$ cat my_file.txt   # compact mmCIF, C-alpha atoms (C1' of nucleotides)
# COMPACT_ATOMS: atom_id res chain seq x y z
CA MET A 1 106.90 88.94 101.44
CA GLU A 2 105.36 91.86 103.29
CA LEU A 3 107.20 91.44 106.57
CA LEU A 4 105.09 93.81 108.65
CA GLU A 5 101.87 92.29 107.35
CA VAL A 6 103.14 88.80 108.15
CA ILE A 7 104.20 89.80 111.64
CA LYS A 8 100.90 91.55 112.30
CA SER A 9 99.00 88.49 111.19
CA LEU A 10 100.86 86.51 113.86
CA SER A 11 100.60 89.09 116.64
CA ASN A 12 97.56 87.58 118.28
CA GLU A 13 97.49 84.57 120.55
CA THR A 14 94.64 82.80 118.76
CA ARG A 15 96.13 83.33 115.31
CA LEU A 16 99.51 82.12 116.48
CA ASN A 17 97.87 79.05 118.01
CA ILE A 18 96.04 78.31 114.78
CA LEU A 19 99.36 78.27 112.95
CA LYS A 20 100.76 75.82 115.51
CA TRP A 21 97.70 73.56 115.39
CA LEU A 22 97.87 73.38 111.62
CA LYS A 23 101.46 72.21 111.80
CA ASP A 24 100.11 68.85 112.90
CA PRO A 25 96.32 68.62 112.54
CA TYR A 26 96.37 64.95 113.61
CA ALA A 27 97.74 66.00 116.99
CA HIS A 28 95.32 68.87 117.53
CA PHE A 29 91.95 68.08 115.97
CA PRO A 30 89.58 65.18 116.66
CA GLU A 31 90.03 62.22 114.31
CA GLU A 32 86.49 62.43 113.02
CA GLU A 33 87.13 65.92 111.69
CA LEU A 34 90.08 64.77 109.62
CA SER A 35 90.27 62.82 106.40
CA GLU A 36 92.83 61.57 103.92
CA LYS A 37 92.60 64.99 102.30
CA THR A 38 93.67 66.85 105.44
CA PRO A 39 97.36 66.94 104.56
CA GLU A 40 96.55 68.38 101.16
CA LEU A 41 93.75 70.79 102.08
CA GLY A 42 94.10 71.52 105.77
CA VAL A 43 91.23 72.02 108.21
CA CYS A 44 87.91 73.78 107.71
CA VAL A 45 86.81 77.02 109.38
CA SER A 46 84.26 75.59 111.78
CA ASP A 47 86.63 72.93 113.09
CA ILE A 48 89.29 75.55 113.73
CA ALA A 49 86.72 77.81 115.41
CA LYS A 50 85.64 74.96 117.68
CA LYS A 51 89.24 74.24 118.65
CA ALA A 52 89.85 77.93 119.34
CA GLY A 53 86.68 78.25 121.39
CA MET A 54 85.66 81.30 119.42
CA SER A 55 82.82 82.19 117.08
CA VAL A 56 83.00 81.11 113.45
CA PRO A 57 82.92 84.68 112.07
CA THR A 58 85.81 85.74 114.26
CA VAL A 59 87.93 82.80 113.21
CA SER A 60 86.89 83.20 109.59
CA GLU A 61 88.23 86.75 109.69
CA TYR A 62 91.46 85.65 111.38
CA LEU A 63 92.02 83.03 108.72
CA LYS A 64 91.36 85.58 106.02
CA THR A 65 93.94 87.91 107.56
CA MET A 66 96.51 85.13 107.65
CA SER A 67 95.75 84.12 104.06
CA ALA A 68 96.08 87.72 102.92
CA ALA A 69 99.53 87.75 104.48
CA ASN A 70 100.26 84.44 102.71
CA VAL A 71 100.86 82.64 105.97
CA LEU A 72 97.98 80.28 105.22
CA ILE A 73 96.61 78.86 101.99
CA ALA A 74 92.83 78.65 101.54
CA THR A 75 91.10 76.07 99.38
CA ARG A 76 87.39 76.23 98.79
CA ASN A 77 85.93 72.78 98.40
CA GLY A 78 82.16 72.66 98.13
CA GLN A 79 80.66 74.47 101.08
CA TRP A 80 83.88 74.23 103.05
CA THR A 81 86.93 76.41 103.03
CA TYR A 82 90.02 74.58 104.16
CA TYR A 83 93.10 76.27 105.47
CA LYS A 84 96.62 74.90 105.62
CA ARG A 85 99.99 76.45 106.37
CA ASN A 86 102.14 78.00 103.68
CA GLU A 87 105.34 76.22 104.67
CA GLN A 88 107.32 78.03 102.03
CA LEU A 89 106.41 81.43 103.39
CA ILE A 90 107.18 80.34 106.95
CA GLN A 91 110.64 79.20 105.86
CA ASP A 92 111.10 82.46 103.95
CA LEU A 93 110.14 84.36 107.08
CA ALA A 94 112.69 82.48 109.19
CA MET A 95 115.38 83.07 106.60
CA HIS A 96 114.50 86.73 106.30
CA ILE A 97 114.73 87.25 110.05
CA LYS A 98 118.00 85.36 110.19
CA ASP A 99 119.75 87.14 107.32
CA THR A 100 118.03 90.42 106.59
CA LEU A 101 116.08 91.77 109.54
CA MET B 1 111.76 83.32 124.55
CA GLU B 2 108.19 84.54 124.78
CA LEU B 3 107.27 84.19 121.12
CA LEU B 4 104.02 86.16 121.22
CA GLU B 5 105.63 89.00 123.18
CA VAL B 6 108.52 89.13 120.69
CA ILE B 7 106.17 89.17 117.71
CA LYS B 8 103.99 91.86 119.29
CA SER B 9 107.04 94.00 119.94
CA LEU B 10 107.77 93.86 116.20
CA SER B 11 104.21 94.37 114.97
CA ASN B 12 104.52 98.11 114.44
CA GLU B 13 106.18 99.83 111.53
CA THR B 14 108.28 102.21 113.62
CA ARG B 15 109.48 99.50 115.97
CA LEU B 16 110.38 97.24 113.07
CA ASN B 17 112.27 100.11 111.45
CA ILE B 18 114.20 100.77 114.64
CA LEU B 19 115.36 97.18 114.63
CA LYS B 20 116.53 97.54 111.03
CA TRP B 21 118.30 100.86 111.67
CA LEU B 22 120.16 99.39 114.62
CA LYS B 23 121.46 96.58 112.45
CA ASP B 24 123.82 99.13 110.93
CA PRO B 25 123.84 102.43 112.83
CA TYR B 26 126.61 103.81 110.61
CA ALA B 27 124.32 103.52 107.61
CA HIS B 28 121.27 105.05 109.29
CA PHE B 29 122.34 107.72 111.78
CA PRO B 30 124.40 110.89 111.22
CA GLU B 31 128.11 110.46 111.86
CA GLU B 32 128.16 113.07 114.59
CA GLU B 33 125.71 111.04 116.66
CA LEU B 34 127.94 107.98 116.61
CA SER B 35 131.16 107.19 118.46
CA GLU B 36 133.62 104.37 118.89
CA LYS B 37 131.27 103.03 121.56
CA THR B 38 128.32 102.71 119.18
CA PRO B 39 129.00 99.07 118.27
CA GLU B 40 129.16 98.16 121.94
CA LEU B 41 126.34 100.32 123.31
CA GLY B 42 124.07 101.13 120.42
CA VAL B 43 122.23 104.42 119.86
CA CYS B 44 120.59 106.71 122.42
CA VAL B 45 116.84 107.39 122.71
CA SER B 46 116.80 110.94 121.37
CA ASP B 47 118.80 110.04 118.26
CA ILE B 48 116.45 107.19 117.51
CA ALA B 49 113.44 109.44 118.11
CA LYS B 50 114.85 112.03 115.70
CA LYS B 51 115.42 109.36 113.04
CA ALA B 52 111.89 108.03 113.54
CA GLY B 53 110.37 111.51 113.38
CA MET B 54 108.43 110.83 116.55
CA SER B 55 108.41 112.26 120.06
CA VAL B 56 111.01 111.10 122.55
CA PRO B 57 108.44 109.69 125.01
CA THR B 58 106.80 107.61 122.32
CA VAL B 59 110.08 106.16 121.16
CA SER B 60 111.25 105.66 124.74
CA GLU B 61 108.18 103.52 125.34
CA TYR B 62 108.72 101.57 122.11
CA LEU B 63 112.29 100.84 123.09
CA LYS B 64 111.18 99.73 126.52
CA THR B 65 108.67 97.35 124.96
CA MET B 66 111.34 95.86 122.72
CA SER B 67 113.77 95.51 125.63
CA ALA B 68 111.12 93.82 127.73
CA ALA B 69 110.74 91.30 124.92
CA ASN B 70 114.54 90.93 124.83
CA VAL B 71 114.73 92.08 121.25
CA LEU B 72 116.89 95.02 122.30
CA ILE B 73 119.46 95.48 125.05
CA ALA B 74 119.48 98.74 127.02
CA THR B 75 122.58 100.21 128.63
CA ARG B 76 122.36 103.26 130.84
CA ASN B 77 125.48 105.38 130.55
CA GLY B 78 125.32 108.65 132.41
CA GLN B 79 122.27 110.56 131.32
CA TRP B 80 121.89 108.48 128.19
CA THR B 81 120.23 105.16 127.63
CA TYR B 82 121.67 103.33 124.66
CA TYR B 83 119.88 100.59 122.82
CA LYS B 84 121.36 97.89 120.64
CA ARG B 85 119.98 94.73 119.08
CA ASN B 86 120.02 91.42 120.88
CA GLU B 87 121.46 89.43 117.98
CA GLN B 88 121.23 86.20 119.92
CA LEU B 89 117.51 86.56 120.45
CA ILE B 90 116.97 87.47 116.81
CA GLN B 91 118.79 84.30 115.74
CA ASP B 92 116.80 82.29 118.28
CA LEU B 93 113.62 83.76 116.83
CA ALA B 94 114.60 82.79 113.29
CA MET B 95 115.50 79.27 114.42
CA HIS B 96 112.29 78.92 116.38
CA ILE B 97 110.17 79.95 113.40
CA LYS B 98 112.11 77.60 111.14
CA ASP B 99 111.97 74.53 113.34
CA THR B 100 109.21 74.87 115.90
CA LEU B 101 106.52 77.30 114.85
C1' DT C 1 123.26 123.50 145.35
C1' DA C 2 121.46 125.21 140.84
C1' DG C 3 120.70 124.67 136.19
C1' DG C 4 120.84 122.04 131.91
C1' DT C 5 120.22 117.79 129.16
C1' DA C 6 118.32 113.03 128.59
C1' DT C 7 114.99 110.00 129.82
C1' DT C 8 110.88 108.17 131.93
C1' DT C 9 106.25 108.38 133.78
C1' DA C 10 101.48 110.00 133.69
C1' DG C 11 97.42 111.08 131.43
C1' DG C 12 94.59 111.08 127.56
C1' DA C 13 92.48 111.61 122.58
C1' DA C 14 92.21 109.06 118.43
C1' DA C 15 92.83 104.96 115.78
C1' DT C 16 92.94 100.15 115.53
C1' DT C 17 92.03 95.51 117.05
C1' DT C 18 89.26 92.09 119.21
C1' DC C 19 85.49 89.32 118.92
C1' DC C 20 80.60 89.19 119.22
C1' DT C 21 75.50 88.64 116.92
C1' DA C 22 72.62 89.10 112.94
C1' DA C 23 72.12 88.92 108.19
C1' DA C 24 73.61 87.65 103.61
C1' DT C 25 75.83 84.51 100.49
C1' DT C 26 77.46 80.06 98.67
C1' DT C 27 77.00 75.35 97.86
C1' DG C 28 74.98 70.70 98.20
C1' DT C 29 70.93 67.87 98.22
C1' DA C 30 66.06 66.34 98.42
C1' DT D 1 62.77 74.77 93.89
C1' DA D 2 63.41 74.76 98.84
C1' DC D 3 65.85 73.80 102.75
C1' DA D 4 70.12 72.95 105.40
C1' DA D 5 75.01 73.55 106.37
C1' DA D 6 79.31 76.31 105.98
C1' DT D 7 81.13 80.52 105.35
C1' DT D 8 81.42 85.45 104.76
C1' DT D 9 79.97 90.18 105.37
C1' DA D 10 78.10 93.94 108.16
C1' DG D 11 77.74 96.42 112.21
C1' DG D 12 79.18 97.54 116.63
C1' DA D 13 80.72 97.46 121.83
C1' DA D 14 84.82 96.91 124.45
C1' DA D 15 89.72 96.56 124.85
C1' DT D 16 94.12 97.71 123.29
C1' DT D 17 97.48 100.35 120.78
C1' DT D 18 99.27 104.56 119.00
C1' DC D 19 101.50 108.58 119.93
C1' DC D 20 101.02 113.09 121.81
C1' DT D 21 102.04 116.93 125.76
C1' DA D 22 103.10 117.93 130.47
C1' DA D 23 105.34 116.71 134.49
C1' DA D 24 108.63 114.08 137.12
C1' DT D 25 113.06 111.96 137.59
C1' DA D 26 118.08 111.02 136.75
C1' DC D 27 122.50 112.52 136.00
C1' DC D 28 126.20 115.86 134.89
C1' DT D 29 128.76 120.04 135.77
C1' DA D 30 129.72 124.62 137.53
$ encode --input "my_file.txt" --output "structure tokens"
Amino acid sequence: MELLEVIKSLSNETRLNILKWLKDPYAHFPEEELSEKTPELGVCVSDIAKKAGMSVPTVSEYLKTMSAANVLIATRNGQWTYYKRNEQLIQDLAMHIKDTL
Amino acid sequence: MELLEVIKSLSNETRLNILKWLKDPYAHFPEEELSEKTPELGVCVSDIAKKAGMSVPTVSEYLKTMSAANVLIATRNGQWTYYKRNEQLIQDLAMHIKDTL
DNA sequence: TAGGTATTTAGGAAATTTCCTAAATTTGTA
DNA sequence: TACAAATTTAGGAAATTTCCTAAATACCTA
């Protein structure tokens, strides 16, 4: 885990919010945007952009940054790219801060 | 704990290094800069600046940022300001990432 | 009080980040 | 093939961050 890269990817209010929203998509996105595949795949770029109140390209770049840091996992499915949290990395981060940092 | 403020205070390579160095001053600073009060007070600004290879004002500002976020604890002692880690906040951060983020 | 050391504050140039619009690309479907 | 929808890439203006030097302030000691 590249600690500085991970921290930088979370050092922006919108990106941090995205991570929180994705913890429980059912609580943060409209029903009609979710499906039975949401837990497996996550939420698509345009739905996240709408929730964030920002342009799609901006949010697309944010999500790419977070994926590059391994904080999120991207899955391309047809014309959509879905993003979900990388729970393993988030636990690794917590552990690293607790024991090593 | 202001999560975003804490994360921002750590989102710079030098600031993150300072936090690591202060975890074990005896391993990272020259003996002659340390005393029996080091565990209690921490390390002074100019010694940290020397270790970082940066100007004193820059490091002074970094330390202030980290104190404002409660990541470090400052103690003024005569003409020196000593900085040490806030271990409690660091543990709170780890716990928060693990359970809440 | 005067001078020396440590730190902080002020001001600013350069680099990076933020977040947009326009254009290009990818994929599905008629 | 052609068009539509989702996303990504490109380009850039504005804001923020980085990190410096110079100046001001704080504190100690003679």
$ interface_residues --input "my_file.txt" --of "chain A" --to "chain B" --cutoff "8 Å" --atoms "only C-alpha atoms" --output "PyMOL selection string"
chain A and resi 4+7-8+10-13+16+19-20+23+90-91+93-95+97-98+101
$ residues_around --input "my_file.txt" --residues "DA15 in chain D" --least-positions-apart "4" --cutoff "12 Å" --atoms "only C-alpha atoms (C1' of nucleotides)" --output "ChimeraX atom specification"
/C:16-19
$ residues_near_point --input "my_file.txt" --point "(91.3, 109.4, 120.1)" --cutoff "12 Å" --atoms "all atoms listed in the file" --output "list in words"
DG12, DA13, DA14, DA15 and DT16 of chain C; DT17, DT18, DC19 and DC20 of chain D
$ atom_distance --input "my_file.txt" --atom1 "CA of His28 in chain A" --atom2 "CA of Met54 in chain A"
15.9 Å
$ closest_residue --input "my_file.txt" --among "B:Arg85, B:Thr65, B:Val71, B:Cys44" --to "chain C" --atoms "only C-alpha atoms (C1' of nucleotides)"
B:Cys44
$ interface_residues --input "my_file.txt" --of "chain B" --to "chain D" --cutoff "8 Å" --atoms "only C-alpha atoms (C1' of nucleotides)" --output "ChimeraX atom specification"
/B:55,58,78-79
